>>> print(open('model06.cif').read())   # mmCIF, C-alpha atoms and all ligand atoms
data_target
loop_
_atom_site.label_atom_id
_atom_site.label_comp_id
_atom_site.auth_asym_id
_atom_site.auth_seq_id
_atom_site.Cartn_x
_atom_site.Cartn_y
_atom_site.Cartn_z
CA MET A 37 68.17 36.84 21.79
CA ARG A 38 64.66 36.70 20.31
CA ASN A 39 61.58 36.98 22.53
CA VAL A 40 59.26 34.05 21.90
CA TYR A 41 55.80 33.39 23.37
CA PHE A 42 54.53 29.83 22.87
CA ASN A 43 50.84 28.89 22.86
CA HIS A 44 50.11 25.17 22.47
CA ASP A 45 47.41 22.57 22.96
CA GLY A 46 49.08 19.79 24.87
CA GLY A 47 49.58 17.07 22.25
CA VAL A 48 52.73 14.98 22.19
CA ASP A 49 54.26 17.16 19.46
CA ASP A 50 53.17 20.35 21.28
CA LEU A 51 55.01 19.27 24.42
CA VAL A 52 58.08 18.12 22.48
CA SER A 53 58.05 21.58 20.85
CA LEU A 54 58.18 23.16 24.31
CA LEU A 55 61.09 20.90 25.26
CA LEU A 56 63.03 21.95 22.15
CA LEU A 57 62.21 25.67 22.50
CA LEU A 58 63.77 25.57 25.96
CA GLN A 59 67.06 24.41 24.38
CA MET A 60 67.30 26.98 21.56
CA PRO A 61 70.36 29.14 22.20
CA ASP A 62 68.89 32.32 20.63
CA VAL A 63 65.41 32.07 22.14
CA HIS A 64 64.23 34.03 25.18
CA LEU A 65 60.97 32.28 26.04
CA THR A 66 58.76 34.91 27.71
CA GLY A 67 55.65 32.84 28.32
CA VAL A 68 53.72 29.65 27.65
CA GLY A 69 49.96 29.38 27.18
CA VAL A 70 48.06 26.10 27.09
CA ILE A 71 44.64 25.71 25.45
CA GLY A 72 42.44 22.68 26.07
CA ALA A 73 41.88 21.77 22.43
CA ASP A 74 43.73 18.56 21.43
CA CYS A 75 44.29 17.77 25.13
CA TYR A 76 42.71 18.01 28.55
CA LEU A 77 43.83 21.23 30.16
CA GLU A 78 44.98 20.08 33.61
CA PRO A 79 47.49 17.42 32.55
CA ALA A 80 48.72 19.59 29.66
CA VAL A 81 49.42 22.51 32.01
CA ALA A 82 51.07 20.18 34.53
CA ALA A 83 53.23 18.50 31.87
CA SER A 84 54.31 21.95 30.64
CA GLN A 85 55.31 22.98 34.16
CA LYS A 86 57.29 19.77 34.64
CA ILE A 87 59.08 20.07 31.28
CA ILE A 88 60.15 23.61 32.22
CA ASP A 89 61.27 22.40 35.67
CA ARG A 90 63.28 19.50 34.28
CA PHE A 91 64.57 20.89 30.97
CA GLY A 92 64.32 24.69 31.35
CA HIS A 93 67.88 25.29 32.60
CA GLY A 94 66.57 27.10 35.66
CA HIS A 95 64.82 29.88 33.74
CA SER A 96 61.81 31.30 35.53
CA LEU A 97 58.68 31.05 33.44
CA GLU A 98 54.94 30.83 34.05
CA VAL A 99 52.40 28.59 32.34
CA ALA A 100 49.04 30.22 31.59
CA ALA A 101 45.91 28.09 31.34
CA SER A 102 43.42 29.09 28.65
CA ASP A 103 39.69 29.36 29.26
CA SER A 104 38.95 29.38 25.51
CA ARG A 105 36.38 26.99 24.05
CA GLY A 106 36.22 25.74 20.49
CA VAL A 107 33.22 25.07 18.31
CA HIS A 108 34.30 21.57 17.22
CA PRO A 109 35.88 19.46 20.01
CA PHE A 110 38.85 17.17 19.29
CA PRO A 111 38.39 13.38 19.58
CA LYS A 112 38.64 12.28 23.21
CA GLU A 113 41.15 9.49 22.39
CA TRP A 114 43.66 12.09 21.18
CA ARG A 115 43.00 14.47 24.07
CA LEU A 116 43.80 11.71 26.57
CA ASP A 117 47.49 11.60 25.52
CA ALA A 118 48.20 14.56 27.82
CA PHE A 119 47.42 12.41 30.88
CA SER A 120 49.95 9.77 29.79
CA LEU A 121 52.63 12.31 29.01
CA ASP A 122 52.15 14.07 32.34
CA ALA A 123 52.56 10.72 34.11
CA LEU A 124 55.91 9.75 32.52
CA PRO A 125 58.45 8.98 35.26
CA ILE A 126 61.12 11.20 33.70
CA LEU A 127 58.85 14.22 34.40
CA ASN A 128 57.99 13.08 37.93
CA GLU A 129 61.33 12.02 39.34
CA SER A 130 61.68 15.11 41.56
CA GLY A 131 58.15 14.75 42.96
CA THR A 132 57.62 18.51 43.11
CA VAL A 133 56.46 21.19 40.69
CA THR A 134 58.20 24.59 40.83
CA THR A 135 57.13 26.48 37.70
CA PRO A 136 54.00 28.45 38.62
CA VAL A 137 50.68 28.77 36.81
CA ALA A 138 50.09 32.38 35.69
CA ALA A 139 47.39 34.40 37.45
CA LYS A 140 45.52 35.28 34.28
CA PRO A 141 44.00 33.13 31.53
CA ALA A 142 46.20 32.52 28.49
CA HIS A 143 44.78 35.21 26.19
CA LEU A 144 45.35 37.92 28.83
CA ASP A 145 48.74 36.48 29.78
CA LEU A 146 49.68 36.74 26.09
CA ILE A 147 48.90 40.48 26.11
CA ASP A 148 50.80 41.05 29.38
CA LYS A 149 53.89 39.16 28.31
CA ILE A 150 54.04 40.89 24.90
CA GLN A 151 53.55 44.37 26.38
CA ALA A 152 56.11 43.76 29.14
CA GLU A 153 58.96 43.40 26.63
CA PRO A 154 60.64 46.56 25.27
CA THR A 155 61.18 44.82 21.92
CA LYS A 156 58.98 42.68 19.68
CA THR A 157 57.93 39.11 20.39
CA THR A 158 57.69 36.16 18.00
CA LEU A 159 54.58 34.04 18.52
CA ILE A 160 54.60 30.30 17.98
CA MET A 161 51.17 28.67 18.07
CA THR A 162 50.73 24.94 17.61
CA GLY A 163 47.02 24.67 18.34
CA PRO A 164 43.93 26.72 17.47
CA LEU A 165 44.30 30.53 17.20
CA THR A 166 41.54 31.32 19.71
CA ASP A 167 43.71 32.91 22.42
CA LEU A 168 45.40 35.24 19.94
CA ALA A 169 42.08 36.18 18.33
CA ARG A 170 40.63 37.05 21.76
CA ALA A 171 43.75 39.03 22.65
CA LEU A 172 43.50 41.04 19.40
CA VAL A 173 39.92 42.05 20.24
CA ILE A 174 40.90 43.21 23.73
CA ASP A 175 44.16 44.96 22.79
CA PRO A 176 44.67 45.50 19.04
CA SER A 177 47.88 47.43 19.79
CA ILE A 178 49.73 44.16 20.42
CA THR A 179 50.14 43.82 16.64
CA ASP A 180 52.84 46.54 16.85
CA LYS A 181 54.78 44.33 19.26
CA ILE A 182 54.43 41.02 17.37
CA ASP A 183 57.27 40.34 15.02
CA ARG A 184 55.69 37.32 13.34
CA LEU A 185 53.35 34.41 14.00
CA TYR A 186 54.48 30.87 13.24
CA TRP A 187 51.34 28.75 13.12
CA MET A 188 50.75 25.05 12.66
CA GLY A 189 47.38 24.86 11.00
CA GLY A 190 45.46 24.89 7.76
CA THR A 191 46.26 23.35 4.40
CA PHE A 192 45.99 24.49 0.80
CA ASP A 193 45.97 21.17 -0.98
CA GLY A 194 42.37 20.18 -0.28
CA ARG A 195 43.38 17.15 1.79
CA GLY A 196 42.30 17.88 5.35
CA ASN A 197 42.72 15.71 8.45
CA VAL A 198 39.29 16.10 10.06
CA ALA A 199 37.28 12.88 9.78
CA GLU A 200 34.02 14.11 11.27
CA PRO A 201 30.44 14.34 10.00
CA GLU A 202 29.10 17.44 8.26
CA GLN A 203 32.33 18.73 6.80
CA ASP A 204 33.91 18.20 3.40
CA GLY A 205 37.35 16.82 4.27
CA THR A 206 39.37 19.87 3.20
CA THR A 207 40.07 21.25 6.68
CA GLU A 208 42.96 20.93 9.11
CA TRP A 209 42.01 20.32 12.78
CA ASN A 210 43.51 23.42 14.43
CA ALA A 211 41.61 25.60 11.97
CA PHE A 212 38.42 23.53 12.28
CA TRP A 213 38.36 23.81 16.11
CA ASP A 214 37.73 27.56 15.79
CA PRO A 215 37.43 28.83 12.18
CA ALA A 216 36.38 32.36 13.26
CA ALA A 217 39.61 32.76 15.24
CA VAL A 218 41.64 32.00 12.11
CA LYS A 219 39.66 34.67 10.25
CA THR A 220 40.31 37.25 13.00
CA VAL A 221 44.04 36.59 12.88
CA TRP A 222 44.05 36.60 9.04
CA ASP A 223 42.35 40.02 9.12
CA SER A 224 45.11 41.42 11.38
CA PRO A 225 48.38 42.89 10.08
CA ILE A 226 50.53 40.25 11.84
CA PRO A 227 53.05 38.59 9.45
CA ILE A 228 52.27 34.86 9.35
CA GLN A 229 54.37 31.81 8.51
CA MET A 230 51.99 28.88 8.12
CA VAL A 231 52.99 25.25 8.42
CA GLY A 232 50.06 23.29 6.97
CA LEU A 233 49.48 19.69 6.07
CA GLU A 234 51.20 19.94 2.66
CA SER A 235 54.56 20.23 4.46
CA THR A 236 53.90 18.22 7.65
CA ARG A 237 52.96 15.23 5.47
CA GLN A 238 56.68 15.10 4.58
CA VAL A 239 57.61 14.34 8.22
CA PRO A 240 55.56 11.37 9.47
CA LEU A 241 56.45 9.53 12.64
CA THR A 242 57.99 6.23 11.45
CA PRO A 243 59.38 3.10 13.12
CA ALA A 244 62.85 4.06 11.77
CA ILE A 245 62.74 7.42 13.56
CA ARG A 246 61.60 5.77 16.78
CA GLN A 247 64.54 3.37 16.48
CA HIS A 248 66.93 6.29 15.95
CA TRP A 249 65.67 7.97 19.14
CA ALA A 250 65.85 4.70 21.04
CA LYS A 251 69.58 4.43 20.28
CA LEU A 252 70.09 7.92 21.70
CA ARG A 253 68.03 7.48 24.87
CA ARG A 254 71.09 8.05 27.07
CA HIS A 255 70.31 11.74 26.42
CA PRO A 256 67.37 12.51 28.74
CA ALA A 257 65.56 14.83 26.31
CA LEU A 258 65.72 12.21 23.54
CA ASP A 259 64.51 9.63 26.04
CA LEU A 260 61.47 11.83 26.76
CA ILE A 261 60.90 12.36 23.02
CA GLY A 262 61.03 8.60 22.41
CA GLN A 263 58.71 7.86 25.34
CA GLY A 264 56.29 10.58 24.20
CA TYR A 265 56.11 9.36 20.62
CA ALA A 266 55.59 5.80 21.87
CA LEU A 267 52.07 6.92 22.93
CA VAL A 268 50.91 7.70 19.38
CA PRO A 269 50.61 5.68 16.14
CA ALA A 270 53.47 5.77 13.63
CA LEU A 271 53.12 5.46 9.87
CA GLN A 272 53.20 1.70 9.50
CA HIS A 273 51.88 -0.16 6.45
CA PHE A 274 49.40 2.62 5.54
CA GLU A 275 48.15 6.02 6.72
CA THR A 276 45.08 6.16 8.96
CA ASN A 277 43.17 9.03 10.52
CA SER A 278 45.28 8.65 13.67
CA THR A 279 48.72 8.46 12.03
CA TYR A 280 51.05 10.92 13.70
CA PHE A 281 53.20 13.51 11.95
CA LEU A 282 55.71 15.95 13.45
CA TRP A 283 53.32 18.85 12.74
CA ASP A 284 54.18 21.17 15.64
CA VAL A 285 57.83 20.24 15.96
CA LEU A 286 58.32 21.21 12.31
CA THR A 287 56.65 24.58 12.96
CA THR A 288 58.83 25.23 16.02
CA VAL A 289 62.15 24.05 14.58
CA ALA A 290 61.53 25.91 11.29
CA SER A 291 61.14 29.15 13.26
CA GLU A 292 64.67 28.68 14.59
CA THR A 293 66.38 27.00 11.61
CA PRO A 294 64.72 28.43 8.48
CA ALA A 295 67.19 26.57 6.24
CA ILE A 296 65.31 23.28 6.80
CA VAL A 297 62.26 24.55 4.88
CA THR A 298 61.34 26.07 1.53
CA THR A 299 58.59 28.69 1.54
CA LYS A 300 56.48 30.68 -0.89
CA SER A 301 54.22 33.69 -0.54
CA VAL A 302 50.50 32.97 -0.89
CA LEU A 303 47.47 35.28 -0.97
CA SER A 304 44.86 33.54 1.13
CA ASP A 305 41.68 33.63 3.17
CA VAL A 306 39.68 31.24 5.36
CA LEU A 307 36.09 29.94 5.23
CA THR A 308 34.09 30.34 8.45
CA THR A 309 30.78 28.79 7.36
CA GLY A 310 29.53 25.84 5.35
CA SER A 311 30.90 22.34 4.97
CA GLY A 312 34.40 23.71 4.32
CA ARG A 313 34.48 25.94 7.43
CA GLY A 314 38.08 26.24 8.61
CA ARG A 315 39.48 25.72 5.12
CA THR A 316 42.36 28.01 4.18
CA PHE A 317 42.38 28.78 0.45
CA GLU A 318 44.28 30.82 -2.11
CA THR A 319 42.55 33.87 -3.58
CA PRO A 320 43.85 36.97 -5.42
CA ASN A 321 42.02 39.18 -2.91
CA GLY A 322 43.53 37.40 0.09
CA ARG A 323 46.15 38.51 2.56
CA PRO A 324 49.79 37.50 2.05
CA ILE A 325 51.25 34.75 4.19
CA THR A 326 54.45 32.74 4.01
CA LEU A 327 53.62 29.08 3.40
CA VAL A 328 56.07 26.27 4.07
CA THR A 329 56.07 24.04 1.00
CA HIS A 330 59.01 21.66 1.35
CA VAL A 331 61.05 20.19 4.22
CA ASP A 332 64.68 19.06 4.28
CA HIS A 333 63.67 15.84 6.03
CA ASP A 334 67.09 14.74 7.27
CA GLY A 335 68.16 18.27 8.22
CA PHE A 336 64.99 18.62 10.29
CA PHE A 337 65.52 15.40 12.25
CA GLN A 338 69.18 16.24 12.75
CA ARG A 339 68.28 19.61 14.28
CA ILE A 340 65.91 17.84 16.72
CA ASP A 341 68.83 15.66 17.87
CA GLU A 342 71.17 18.64 18.25
CA LEU A 343 68.67 20.66 20.28
CA ALA A 344 67.73 17.71 22.48
CA ILE A 345 71.37 16.94 23.23
CA LEU A 346 71.82 20.55 24.39
CA ALA A 347 69.57 19.59 27.32
CA ASP A 348 72.30 17.29 28.69
CA LYS A 349 74.40 19.92 30.35
O1 LIG B 1 46.29 18.86 12.83
C1 LIG B 1 47.49 18.74 13.47
C2 LIG B 1 47.45 19.27 14.91
C3 LIG B 1 48.86 19.55 15.43
O2 LIG B 1 48.91 20.79 16.11
N1 LIG B 1 46.87 18.37 15.93
C4 LIG B 1 47.98 17.49 16.32
C5 LIG B 1 49.21 18.37 16.33
O3 LIG B 1 49.53 18.76 17.65
C6 LIG B 1 45.58 17.71 15.69
C7 LIG B 1 45.62 16.32 15.10
C8 LIG B 1 45.41 15.93 13.79
N2 LIG B 1 45.52 14.57 13.66
C9 LIG B 1 45.81 14.08 14.89
C10 LIG B 1 45.88 15.15 15.81
C11 LIG B 1 46.07 12.75 15.38
N3 LIG B 1 46.06 11.70 14.54
N4 LIG B 1 46.34 12.60 16.69
C12 LIG B 1 46.37 13.65 17.51
N5 LIG B 1 46.15 14.93 17.12
CA CA B 2 49.00 20.91 18.52
#
>>> encode(input="model06.cif", output="structure tokens")
Amino acid sequence: MRNVYFNHDGGVDDLVSLLLLLQMPDVHLTGVGVIGADCYLEPAVAASQKIIDRFGHGHSLEVAASDSRGVHPFPKEWRLDAFSLDALPILNESGTVTTPVAAKPAHLDLIDKIQAEPTKTTLIMTGPLTDLARALVIDPSITDKIDRLYWMGGTFDGRGNVAEPEQDGTTEWNAFWDPAAVKTVWDSPIPIQMVGLESTRQVPLTPAIRQHWAKLRRHPALDLIGQGYALVPALQHFETNSTYFLWDVLTTVASETPAIVTTKSVLSDVLTTGSGRGRTFETPNGRPITLVTHVDHDGFFQRIDELAILADK
């Protein structure tokens, strides 16, 4: 069993990632942190608790709420999805919430949960890196106990997804929310596997995938996945700023099933100032990371089905 700590920011694909992590046979999930970046914190914490209650196979886990703040807030329309997800009937059938909220904020919970394990922990982060950056400042020794960080964020191809004033369009949102946090993590010795926009662009949400999930809705986890992805826009006719991709789910599933992705080693750094702040870029003087470059599209969606069906029992 691998220890995994999951820090996410409450989007539809963040919460689906949590659902799938809870089904992975080799994963011992030690903690969950939620940061109010691409979500509102309260419903994202509540939805996390309810997903653990309903799909966590009785494992006892806590959900830690982050008190971190970013420098560039996410669009409100996107952040509101957490309220809808938290209100889905499939997560509210029991009418009670059992999984507790951790006593400490997420960055301190991260330190506690890592240090409490005798062996190393794998980190999966599908939002900004702020909680990890703060944890590294408080207790740099956690790097000895972190096996690897899988992060959804950044891009190297110059095509960002932030459509906001006063930036140059090269940045990915999780990096843009807190560029300095990315720099702090890049300057640490933690091995990083980065899933950026060059690979997530290969796995858009499409009407065909929605239809596939609809046919399988007799499986409760696939029902929740279908209901969740009904809240966000699919790739239909042409790509817009709000088109949804399976960003975080790719990051999470690739950590468990590496065969679905191709990777390469890249020497890289991150800009923290100027109109490209938050941009990850290649440079000979940079630190090595493992970058996901290509996705086995069908293999990826098949693994989602397999994991979700494991929730039936
Ligand atoms: O940049 C991708 C990250 C992922 O962690 N998030 C969404 C995923 O959870 C921000 C984001 C970019 N475009 C978006 C986003 C969109 N169209 N809707 C919602 N969130
Ligand atoms: Ca996210």
>>> closest_residue(input="model06.cif", among="A:Ser102, A:Asn210, A:Asn197, A:Thr329", to="ligand CA 2 (chain B)", atoms="all atoms listed in the file")
A:Asn210
>>> atom_distance(input="model06.cif", atom1="CA of Ser304 in chain A", atom2="CA of Val68 in chain A")
28.2 Å
>>> closest_residue(input="model06.cif", among="A:Asp305, A:Glu113, A:Asp175, A:Glu202", to="ligand LIG 1 (chain B)", atoms="all atoms listed in the file")
A:Glu113
>>> residues_near_ligand(input="model06.cif", ligand="ligand CA 2 (chain B)", cutoff="8 Å", atoms="all atoms listed in the file", output="list of chain:residue names")
A:His44, A:Asp45, A:Gly46, A:Gly47, A:Val48, A:Asp49, A:Asp50, A:Asp74, A:Thr162, A:Gly163, A:Pro164, A:Met188, A:Asn210, A:Trp283, A:Asp284
>>> write_last_selection(input="model06.cif", atoms="C-alpha atoms", output="PDB file, in the frame of the given file")
ATOM      1  CA  HIS A  44      50.110  25.170  22.470  1.00  0.00           C
ATOM      2  CA  ASP A  45      47.410  22.570  22.960  1.00  0.00           C
ATOM      3  CA  GLY A  46      49.080  19.790  24.870  1.00  0.00           C
ATOM      4  CA  GLY A  47      49.580  17.070  22.250  1.00  0.00           C
ATOM      5  CA  VAL A  48      52.730  14.980  22.190  1.00  0.00           C
ATOM      6  CA  ASP A  49      54.260  17.160  19.460  1.00  0.00           C
ATOM      7  CA  ASP A  50      53.170  20.350  21.280  1.00  0.00           C
ATOM      8  CA  ASP A  74      43.730  18.560  21.430  1.00  0.00           C
ATOM      9  CA  THR A 162      50.730  24.940  17.610  1.00  0.00           C
ATOM     10  CA  GLY A 163      47.020  24.670  18.340  1.00  0.00           C
ATOM     11  CA  PRO A 164      43.930  26.720  17.470  1.00  0.00           C
ATOM     12  CA  MET A 188      50.750  25.050  12.660  1.00  0.00           C
ATOM     13  CA  ASN A 210      43.510  23.420  14.430  1.00  0.00           C
ATOM     14  CA  TRP A 283      53.320  18.850  12.740  1.00  0.00           C
ATOM     15  CA  ASP A 284      54.180  21.170  15.640  1.00  0.00           C
TER      16      ASP A 284
END
>>> axis_aligned_box(input="model06.cif", around="range 50-54 of chain A", padding_each_side="8 Å", output="lines of an AutoDock Vina configuration file")
center_x = 55.7
center_y = 20.6
center_z = 22.6
size_x = 21.0
size_y = 21.0
size_z = 19.6
>>> closest_residue(input="model06.cif", among="A:Leu121, A:Ala290, A:Leu260, A:Ala270", to="ligand LIG 1 (chain B)", atoms="all atoms listed in the file")
A:Ala270
>>> residues_near_ligand(input="model06.cif", ligand="ligand LIG 1 (chain B)", cutoff="10 Å", atoms="all atoms listed in the file", output="ChimeraX atom specification")
/A:44-53,73-75,110-117,161-164,187-191,196-199,207-213,231-233,236,268-270,275-285,287
>>> atom_distance(input="model06.cif", atom1="CA of Phe192 in chain A", atom2="CA of Lys156 in chain A")
29.3 Å
>>> atom_distance(input="model06.cif", atom1="CA of Met37 in chain A", atom2="CA of Thr158 in chain A")
11.2 Å
>>> closest_residue(input="model06.cif", among="A:Met60, A:Ser120, A:Leu165, A:Trp222", to="Ala266 in chain A", atoms="only C-alpha atoms")
A:Ser120
>>> closest_residue(input="model06.cif", among="A:Ala123, A:Ile178, A:Ala82, A:Ile87", to="Leu57 in chain A", atoms="all atoms listed in the file")
A:Ile87
>>> closest_residue(input="model06.cif", among="A:Gln203, A:Ser104, A:Gln272, A:Gln229", to="Arg246 in chain A", atoms="only C-alpha atoms")
A:Gln272
>>> residues_around(input="model06.cif", residues="Pro225 in chain A", least_positions_apart="2", cutoff="7 Å", atoms="all atoms listed in the file", output="list in words")
Thr179, Asp223 and Pro227 of chain A
>>> write_last_selection(input="model06.cif", atoms="C-alpha atoms", output="PDB file, keeping the file's coordinate frame")
ATOM      1  CA  THR A 179      50.140  43.820  16.640  1.00  0.00           C
ATOM      2  CA  ASP A 223      42.350  40.020   9.120  1.00  0.00           C
ATOM      3  CA  PRO A 227      53.050  38.590   9.450  1.00  0.00           C
TER       4      PRO A 227
END
>>> residues_around(input="model06.cif", residues="Gly92 in chain A", least_positions_apart="4", cutoff="9 Å", atoms="all atoms listed in the file", output="mmCIF file with C-alpha atoms, in the frame of the given file")
data_model
loop_
_atom_site.group_PDB
_atom_site.id
_atom_site.type_symbol
_atom_site.label_atom_id
_atom_site.label_comp_id
_atom_site.auth_asym_id
_atom_site.auth_seq_id
_atom_site.Cartn_x
_atom_site.Cartn_y
_atom_site.Cartn_z
ATOM 1 C CA LEU A 55 61.090 20.900 25.260
ATOM 2 C CA LEU A 58 63.770 25.570 25.960
ATOM 3 C CA GLN A 59 67.060 24.410 24.380
ATOM 4 C CA ILE A 87 59.080 20.070 31.280
ATOM 5 C CA ILE A 88 60.150 23.610 32.220
ATOM 6 C CA SER A 96 61.810 31.300 35.530
ATOM 7 C CA LEU A 97 58.680 31.050 33.440
ATOM 8 C CA ALA A 347 69.570 19.590 27.320
#
>>> residues_around(input="model06.cif", residues="Trp249 in chain A", least_positions_apart="6", cutoff="10 Å", atoms="only C-alpha atoms", output="list in words")
Pro243, His255, Ala257, Leu258, Asp259, Leu260, Ile261, Gly262, Gln263, Tyr265 and Asp341 of chain A
>>> write_last_selection(input="model06.cif", atoms="C-alpha atoms", output="compact mmCIF listing (two decimals), keeping the file's coordinate frame")
# COMPACT_ATOMS: atom_id res chain seq x y z
CA PRO A 243 59.38 3.10 13.12
CA HIS A 255 70.31 11.74 26.42
CA ALA A 257 65.56 14.83 26.31
CA LEU A 258 65.72 12.21 23.54
CA ASP A 259 64.51 9.63 26.04
CA LEU A 260 61.47 11.83 26.76
CA ILE A 261 60.90 12.36 23.02
CA GLY A 262 61.03 8.60 22.41
CA GLN A 263 58.71 7.86 25.34
CA TYR A 265 56.11 9.36 20.62
CA ASP A 341 68.83 15.66 17.87
>>> residues_around(input="model06.cif", residues="Asp122 in chain A", least_positions_apart="5", cutoff="9 Å", atoms="all atoms listed in the file", output="list in words")
Pro79, Ala80, Val81, Ala82, Ala83, Ser84, Lys86, Asp117, Leu127 and Asn128 of chain A
>>> residues_around(input="model06.cif", residues="Arg339 in chain A", least_positions_apart="3", cutoff="10 Å", atoms="all atoms listed in the file", output="number ranges by chain")
A: 56, 289-290, 292-293, 296, 334-336, 342-345
>>> write_last_selection(input="model06.cif", atoms="C-alpha atoms", output="PDB file, in the frame of the given file")
ATOM      1  CA  LEU A  56      63.030  21.950  22.150  1.00  0.00           C
ATOM      2  CA  VAL A 289      62.150  24.050  14.580  1.00  0.00           C
ATOM      3  CA  ALA A 290      61.530  25.910  11.290  1.00  0.00           C
ATOM      4  CA  GLU A 292      64.670  28.680  14.590  1.00  0.00           C
ATOM      5  CA  THR A 293      66.380  27.000  11.610  1.00  0.00           C
ATOM      6  CA  ILE A 296      65.310  23.280   6.800  1.00  0.00           C
ATOM      7  CA  ASP A 334      67.090  14.740   7.270  1.00  0.00           C
ATOM      8  CA  GLY A 335      68.160  18.270   8.220  1.00  0.00           C
ATOM      9  CA  PHE A 336      64.990  18.620  10.290  1.00  0.00           C
ATOM     10  CA  GLU A 342      71.170  18.640  18.250  1.00  0.00           C
ATOM     11  CA  LEU A 343      68.670  20.660  20.280  1.00  0.00           C
ATOM     12  CA  ALA A 344      67.730  17.710  22.480  1.00  0.00           C
ATOM     13  CA  ILE A 345      71.370  16.940  23.230  1.00  0.00           C
TER      14      ILE A 345
END
>>> decode(input="model06.cif", residues="range 280-313 of chain A", atoms="C-alpha atoms", output="CSV table (one decimal), in the first residue's frame")
chain,number,residue,atom,x,y,z
A,280,TYR,CA,-13.9,21.5,-19.3
A,281,PHE,CA,-11.1,19.0,-19.5
A,282,LEU,CA,-10.3,16.1,-17.2
A,283,TRP,CA,-7.3,17.9,-15.8
A,284,ASP,CA,-7.3,16.6,-12.3
A,285,VAL,CA,-8.6,13.2,-13.0
A,286,LEU,CA,-5.8,12.6,-15.4
A,287,THR,CA,-3.3,13.7,-12.8
A,288,THR,CA,-4.8,11.3,-10.2
A,289,VAL,CA,-5.3,8.3,-12.4
A,290,ALA,CA,-1.8,8.7,-14.0
A,291,SER,CA,-0.3,8.5,-10.5
A,292,GLU,CA,-1.9,5.0,-10.1
A,293,THR,CA,-1.7,3.7,-13.7
A,294,PRO,CA,1.5,5.2,-15.2
A,295,ALA,CA,1.0,3.1,-18.4
A,296,ILE,CA,-1.7,5.5,-19.6
A,297,VAL,CA,0.8,8.4,-20.0
A,298,THR,CA,4.1,9.1,-21.8
A,299,THR,CA,6.5,11.4,-19.9
A,300,LYS,CA,9.8,13.2,-20.5
A,301,SER,CA,12.3,14.9,-18.2
A,302,VAL,CA,12.3,18.7,-18.4
A,303,LEU,CA,14.6,21.3,-16.8
A,304,SER,CA,12.3,24.1,-15.8
A,305,ASP,CA,11.6,27.2,-13.7
A,306,VAL,CA,8.6,29.5,-13.1
A,307,LEU,CA,8.1,33.2,-13.5
A,308,THR,CA,6.7,35.0,-10.4
A,309,THR,CA,6.5,38.6,-11.8
A,310,GLY,CA,5.5,40.4,-14.9
A,311,SER,CA,2.8,39.6,-17.4
A,312,GLY,CA,3.8,36.0,-17.6
A,313,ARG,CA,3.8,35.4,-13.8
